[in-house]
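Participant: Provided herewith is a single structure, encoded as structure tokens, for subsequent inquiry.
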Amino acid sequence: MSTRPPKVVVSEVSVTFESHGRSVLALDRISLQAHAGEFLCIVGPSGSGKSTLLRVVAGLLRQSAGAVRIEADRPGTPLTAMVFQEHALLPWRTVRDNVTFGLENRGVPRAERDARAREMLAMVGLTRFARHYPHQLSGGMKQRVGIARALANDPEVLLMDEPLAALDAQTRTIMQEELLRIWATLGKTVVYVTHSLEEALLLGDRIVLLGSPAYGALLEKIWSQLREEVVRAMAEDRRGERA
Amino acid sequence: MRALGRWLTEHWIAVGSPLLLLVAWEWASATGLLREAFFPRPSTIAAHLRQLAADGTLWGHTAMTLIRIGWAFALAAVLGVSVGLAMGLWRRLRDGLDPVFAVIYPIPSVLFLPFVSFLVPPGEIALVVTTAVTSFFLIAFTTTQGVRQIDRLVVEAAVHYGARGWRLFATVLIVVVAVEIVAASRGLGALLWLSWQILKIEDMYATFFVIAFLGALLSYGLAAFRARLLPWIQDVAEP
């Protein structure tokens, strides 16, 4: 993975919020990289600043110090497109018009917009719902629209802020598989924020941990257990071969 | 005919309860339980109404009232939405105007007529402005609330996907105005009443029925139209 060129480079980023006259340090000199085509998961408990970091990468929030660089090799396409936690669809627009919103703002001609919307809605399996309004859709379907909206912009990097957190367990499992399928199809660089280590292990090529040292210690424990299991399984395999 | 039948099975209570009230009134006035001098029978009123309709008085007054409401509502809407938007966006303005509005709002509109008559030409214009006063406060108030209730996440998403300047403002405005229409459709009947009060129409009971009927028609009509016009509105305005 490290042989691929870096796509997102976050160097020494700090974010300070002013709250009731006191300044709160939300991010303290964070550095990380996401490589081209990589599915990078950022995991941390709530309050660890993982959403803040994603918002800085998306350009929705300005960092107090440090720098974010996103390598763009196709001029004209947006650097990032975000899938929001609470879908954040525009309720007065149909599914199709939500998907084309970003393209419309960039002045992409109508025919091209509609073709792109059809393609993206087919990819997330919502072709039949193009004319529906968000309130007519289930939670999982709304989030599919959110994903289609982001992908329609063909961004350099796809950002996802706990997109499946609000869904029920069953829908979440289906959506996770869908996400991996879409990622494998498009080969996009994805930066995915989640509080669930399980989800990160399932989806991520690589996992970045944000948060307290205790959290890291917990992961190390899980990691060493996992390694022991793998080693034991391999040893059993070898015994099986010799027999 | 089948459509009418289906409509009746769904709405028979809404249709039946006013009818029942009328029948009870008729009976009470006929038996002397209510004094006919103050509570004429509905059938008498209906006859009178027919007469008013025949000599044209009714239509003239109804048309005049509707035109007046149209102007008053347009005036109140333009000013109310503007002031409400400003109050919603700027906290200092809101802090300053809230107490003023709280004092003025409960005063019945009719009492403004003398003041308004000093400011604008008395007569038709003064009546329209006076009618607009209460609606203005109501609209400004709901607009302020509307702006404050805008989902920050939706605005952030709009910004993220490249909405700038006018297009961004439109996304904010569209929600507020839509919420407005919902509020307005609930208040139109009251507006109708108000304008009738100011006009001081004679034939109180006859006009009572016309007004009640028109008010119901406007409110129900707009509510029915709303679903057509703003199919997404339940997502924004009604929790």
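Chain identifiers are assigned as A, B, and so on, following the order in which chains appear in the structure tokens; residues are numbered from 1 within each chain, and ligands are numbered from 1 in order of appearance.
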Enumerate as number ranges by chain the residues belonging to chain A that approach chain B to within 12 Å, with only C-alpha atoms taken into account.

Facilitator: A: 55-61, 77-95, 98-107, 131-137, 146, 149-155, 159

Participant: Given the selection you just returned, output its residues as a file containing N, CA and C atoms, formatted as a compact mmCIF listing (two decimals), in the first residue's frame.

Facilitator:
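The resulting again-v6.txt:
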# COMPACT_ATOMS: atom_id res chain seq x y z
N ARG A 55 -13.88 17.25 8.69
CA ARG A 55 -14.41 18.54 8.24
C ARG A 55 -13.28 19.47 7.79
N VAL A 56 -12.13 19.35 8.41
CA VAL A 56 -10.98 20.14 7.97
C VAL A 56 -10.54 19.67 6.58
N VAL A 57 -10.48 18.35 6.39
CA VAL A 57 -10.09 17.81 5.08
C VAL A 57 -11.10 18.23 4.01
N ALA A 58 -12.39 18.30 4.39
CA ALA A 58 -13.44 18.67 3.44
C ALA A 58 -13.44 20.17 3.15
N GLY A 59 -12.71 20.94 3.96
CA GLY A 59 -12.69 22.39 3.77
C GLY A 59 -13.89 23.08 4.42
N LEU A 60 -14.63 22.37 5.23
CA LEU A 60 -15.79 22.96 5.90
C LEU A 60 -15.37 23.70 7.17
N LEU A 61 -14.15 23.41 7.61
CA LEU A 61 -13.65 24.00 8.84
C LEU A 61 -12.17 24.34 8.60
N THR A 77 -12.32 18.68 -11.36
CA THR A 77 -13.17 17.91 -10.47
C THR A 77 -12.95 18.39 -9.03
N PRO A 78 -13.97 18.32 -8.21
CA PRO A 78 -13.81 18.78 -6.83
C PRO A 78 -12.85 17.87 -6.07
N LEU A 79 -12.17 18.45 -5.09
CA LEU A 79 -11.20 17.68 -4.32
C LEU A 79 -11.90 16.63 -3.46
N THR A 80 -12.96 17.05 -2.78
CA THR A 80 -13.61 16.13 -1.86
C THR A 80 -15.12 16.16 -2.05
N ALA A 81 -15.77 15.07 -1.67
CA ALA A 81 -17.23 15.07 -1.56
C ALA A 81 -17.55 14.27 -0.31
N MET A 82 -18.43 14.80 0.49
CA MET A 82 -18.69 14.23 1.81
C MET A 82 -20.04 13.52 1.86
N VAL A 83 -20.06 12.37 2.51
CA VAL A 83 -21.32 11.71 2.85
C VAL A 83 -21.53 12.00 4.34
N PHE A 84 -22.61 12.73 4.64
CA PHE A 84 -22.83 13.20 6.00
C PHE A 84 -23.51 12.14 6.86
N GLN A 85 -23.29 12.29 8.16
CA GLN A 85 -23.85 11.30 9.10
C GLN A 85 -25.37 11.23 9.03
N GLU A 86 -26.01 12.40 9.08
CA GLU A 86 -27.49 12.42 9.03
C GLU A 86 -27.95 12.70 7.61
N HIS A 87 -27.36 12.08 6.66
CA HIS A 87 -27.63 12.19 5.22
C HIS A 87 -27.63 13.62 4.67
N ALA A 88 -28.27 14.58 5.40
CA ALA A 88 -28.26 15.99 4.99
C ALA A 88 -28.69 16.19 3.54
N LEU A 89 -29.73 15.47 3.12
CA LEU A 89 -30.28 15.69 1.78
C LEU A 89 -31.15 16.94 1.82
N LEU A 90 -31.31 17.60 0.67
CA LEU A 90 -32.17 18.76 0.62
C LEU A 90 -33.61 18.26 0.45
N PRO A 91 -34.46 18.49 1.45
CA PRO A 91 -35.78 17.85 1.46
C PRO A 91 -36.71 18.30 0.34
N TRP A 92 -36.46 19.47 -0.25
CA TRP A 92 -37.36 19.96 -1.30
C TRP A 92 -36.92 19.52 -2.68
N ARG A 93 -35.86 18.70 -2.74
CA ARG A 93 -35.42 18.22 -4.04
C ARG A 93 -35.67 16.72 -4.14
N THR A 94 -36.00 16.26 -5.34
CA THR A 94 -36.20 14.83 -5.53
C THR A 94 -34.85 14.13 -5.40
N VAL A 95 -34.90 12.82 -5.35
CA VAL A 95 -33.69 12.02 -5.26
C VAL A 95 -32.72 12.40 -6.39
N ASN A 98 -31.25 15.84 -5.94
CA ASN A 98 -30.25 15.86 -4.89
C ASN A 98 -28.92 15.38 -5.43
N VAL A 99 -28.98 14.32 -6.25
CA VAL A 99 -27.74 13.75 -6.80
C VAL A 99 -27.06 14.75 -7.74
N THR A 100 -27.86 15.53 -8.47
CA THR A 100 -27.27 16.45 -9.44
C THR A 100 -26.95 17.82 -8.85
N PHE A 101 -27.25 18.03 -7.57
CA PHE A 101 -27.09 19.36 -6.96
C PHE A 101 -25.70 19.95 -7.15
N GLY A 102 -24.68 19.16 -6.84
CA GLY A 102 -23.30 19.65 -6.95
C GLY A 102 -22.94 19.97 -8.40
N LEU A 103 -23.38 19.12 -9.32
CA LEU A 103 -23.09 19.33 -10.74
C LEU A 103 -23.77 20.61 -11.23
N GLU A 104 -25.00 20.82 -10.75
CA GLU A 104 -25.75 22.01 -11.11
C GLU A 104 -24.99 23.26 -10.67
N ASN A 105 -24.48 23.23 -9.45
CA ASN A 105 -23.75 24.38 -8.92
C ASN A 105 -22.47 24.66 -9.70
N ARG A 106 -21.93 23.61 -10.32
CA ARG A 106 -20.70 23.79 -11.10
C ARG A 106 -20.98 24.09 -12.57
N GLY A 107 -22.28 24.17 -12.92
CA GLY A 107 -22.65 24.53 -14.29
C GLY A 107 -22.50 23.42 -15.30
N ARG A 131 -37.60 9.93 -8.73
CA ARG A 131 -38.56 11.03 -8.59
C ARG A 131 -39.14 11.14 -7.20
N HIS A 132 -38.68 10.28 -6.29
CA HIS A 132 -39.18 10.37 -4.92
C HIS A 132 -38.53 11.53 -4.17
N TYR A 133 -39.17 11.93 -3.07
CA TYR A 133 -38.57 12.92 -2.19
C TYR A 133 -37.94 12.20 -1.00
N PRO A 134 -36.93 12.82 -0.39
CA PRO A 134 -36.24 12.13 0.70
C PRO A 134 -37.18 11.57 1.79
N HIS A 135 -38.24 12.32 2.14
CA HIS A 135 -39.08 11.85 3.25
C HIS A 135 -39.83 10.56 2.90
N GLN A 136 -39.84 10.21 1.62
CA GLN A 136 -40.52 8.98 1.21
C GLN A 136 -39.60 7.76 1.27
N LEU A 137 -38.33 7.98 1.66
CA LEU A 137 -37.35 6.90 1.65
C LEU A 137 -37.02 6.43 3.06
N GLY A 146 -27.23 9.85 -0.44
CA GLY A 146 -26.09 10.65 -0.01
C GLY A 146 -24.80 10.18 -0.66
N ARG A 149 -24.94 11.10 -4.34
CA ARG A 149 -24.71 12.54 -4.50
C ARG A 149 -23.20 12.84 -4.47
N ALA A 150 -22.52 12.20 -3.52
CA ALA A 150 -21.08 12.44 -3.40
C ALA A 150 -20.35 11.90 -4.63
N LEU A 151 -20.68 10.68 -5.04
CA LEU A 151 -19.98 10.05 -6.17
C LEU A 151 -20.25 10.75 -7.49
N ALA A 152 -21.46 11.35 -7.63
CA ALA A 152 -21.80 12.03 -8.87
C ALA A 152 -20.82 13.16 -9.16
N ASN A 153 -20.23 13.73 -8.12
CA ASN A 153 -19.27 14.82 -8.30
C ASN A 153 -17.89 14.32 -8.71
N ASP A 154 -17.72 13.03 -8.73
CA ASP A 154 -16.45 12.41 -9.10
C ASP A 154 -15.27 13.07 -8.39
N PRO A 155 -15.29 13.10 -7.05
CA PRO A 155 -14.25 13.82 -6.31
C PRO A 155 -12.94 13.03 -6.31
N LEU A 159 -15.19 11.40 1.22
CA LEU A 159 -15.15 11.49 2.68
C LEU A 159 -16.46 10.98 3.26

Participant: Could you tell me how far atom CA of B:Gly215 sits from atom CA of B:Ala3, in Å to one decimal place?

Facilitator: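 Calculated distance between atom CA of B:Ala3 and atom CA of B:Gly215 is 24.0 Å.
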
Participant: With only C-alpha atoms as the counted atoms, please give the residues lying no more than 12 Å from A:Cys41, apart from itself and same-chain residues fewer than 3 positions off, as a JSON list (two decimals) with C-alpha atoms, in the first residue's frame.

Facilitator:
[["chain", "number", "residue", "atom", "x", "y", "z"],
["A", 32, "LEU", "CA", -1.70, 11.19, 8.58],
["A", 33, "GLN", "CA", -1.77, 10.17, 4.94],
["A", 34, "ALA", "CA", -4.26, 8.40, 2.70],
["A", 35, "HIS", "CA", -2.82, 6.77, -0.38],
["A", 38, "GLU", "CA", -6.96, 3.36, -0.35],
["A", 44, "GLY", "CA", -12.00, 7.01, 17.70],
["A", 50, "LYS", "CA", -12.38, 12.47, 14.16],
["A", 51, "SER", "CA", -15.33, 14.33, 12.62],
["A", 54, "LEU", "CA", -12.78, 15.10, 8.37],
["A", 158, "LEU", "CA", -14.62, 10.47, -0.95],
["A", 159, "LEU", "CA", -15.15, 11.49, 2.68],
["A", 160, "MET", "CA", -17.60, 9.63, 4.89],
["A", 161, "ASP", "CA", -18.59, 10.80, 8.36],
["A", 162, "GLU", "CA", -20.12, 7.82, 10.20],
["A", 189, "THR", "CA", -9.66, 7.04, -2.29],
["A", 190, "VAL", "CA", -11.96, 6.89, 0.73],
["A", 191, "VAL", "CA", -11.48, 8.45, 4.15],
["A", 192, "TYR", "CA", -14.05, 6.90, 6.43],
["A", 193, "VAL", "CA", -14.74, 8.05, 9.98],
["A", 194, "THR", "CA", -16.37, 5.66, 12.43],
["A", 195, "HIS", "CA", -16.52, 5.00, 16.16],
["A", 196, "SER", "CA", -16.82, 1.27, 15.55],
["A", 197, "LEU", "CA", -13.56, -0.63, 15.50],
["A", 198, "GLU", "CA", -15.41, -3.62, 14.09],
["A", 199, "GLU", "CA", -16.61, -1.59, 11.13],
["A", 200, "ALA", "CA", -13.12, -0.21, 10.56],
["A", 201, "LEU", "CA", -11.62, -3.73, 10.60],
["A", 202, "LEU", "CA", -14.23, -4.83, 8.07],
["A", 203, "LEU", "CA", -13.95, -1.90, 5.67],
["A", 204, "GLY", "CA", -10.51, -0.42, 6.02],
["A", 205, "ASP", "CA", -7.28, -1.12, 4.16],
["A", 206, "ARG", "CA", -5.65, 0.71, 6.98],
["A", 207, "ILE", "CA", -6.91, 2.10, 10.28],
["A", 208, "VAL", "CA", -5.89, 5.31, 11.99],
["A", 209, "LEU", "CA", -6.72, 5.61, 15.65],
["A", 210, "LEU", "CA", -7.62, 8.92, 17.21]]

Participant: Find the residues near B:Ala140: any atom within 12 Å, counting only C-alpha atoms, skip ones fewer than 5 places away on the same chain, and give them as number ranges by chain.

Facilitator: B: 75-88, 94, 97-98, 101-102, 105, 132-135, 145-147, 176-177, 179-180, 183-184

Participant: Where does DSSP see strand (DSSP E) in stretch 6-178 of chain A, if you list the residues as a VMD selection string?

Facilitator: chain A and resid 6 to 19 22 to 35 39 to 43 65 to 70 80 to 83 157 to 161

Participant: Just to confirm, what's the straight-line distance from atom CA of A:Arg4 to atom CA of A:Leu40 in Å (one decimal)?

Facilitator: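 Separation of atom CA of A:Arg4 and atom CA of A:Leu40: 13.3 Å.
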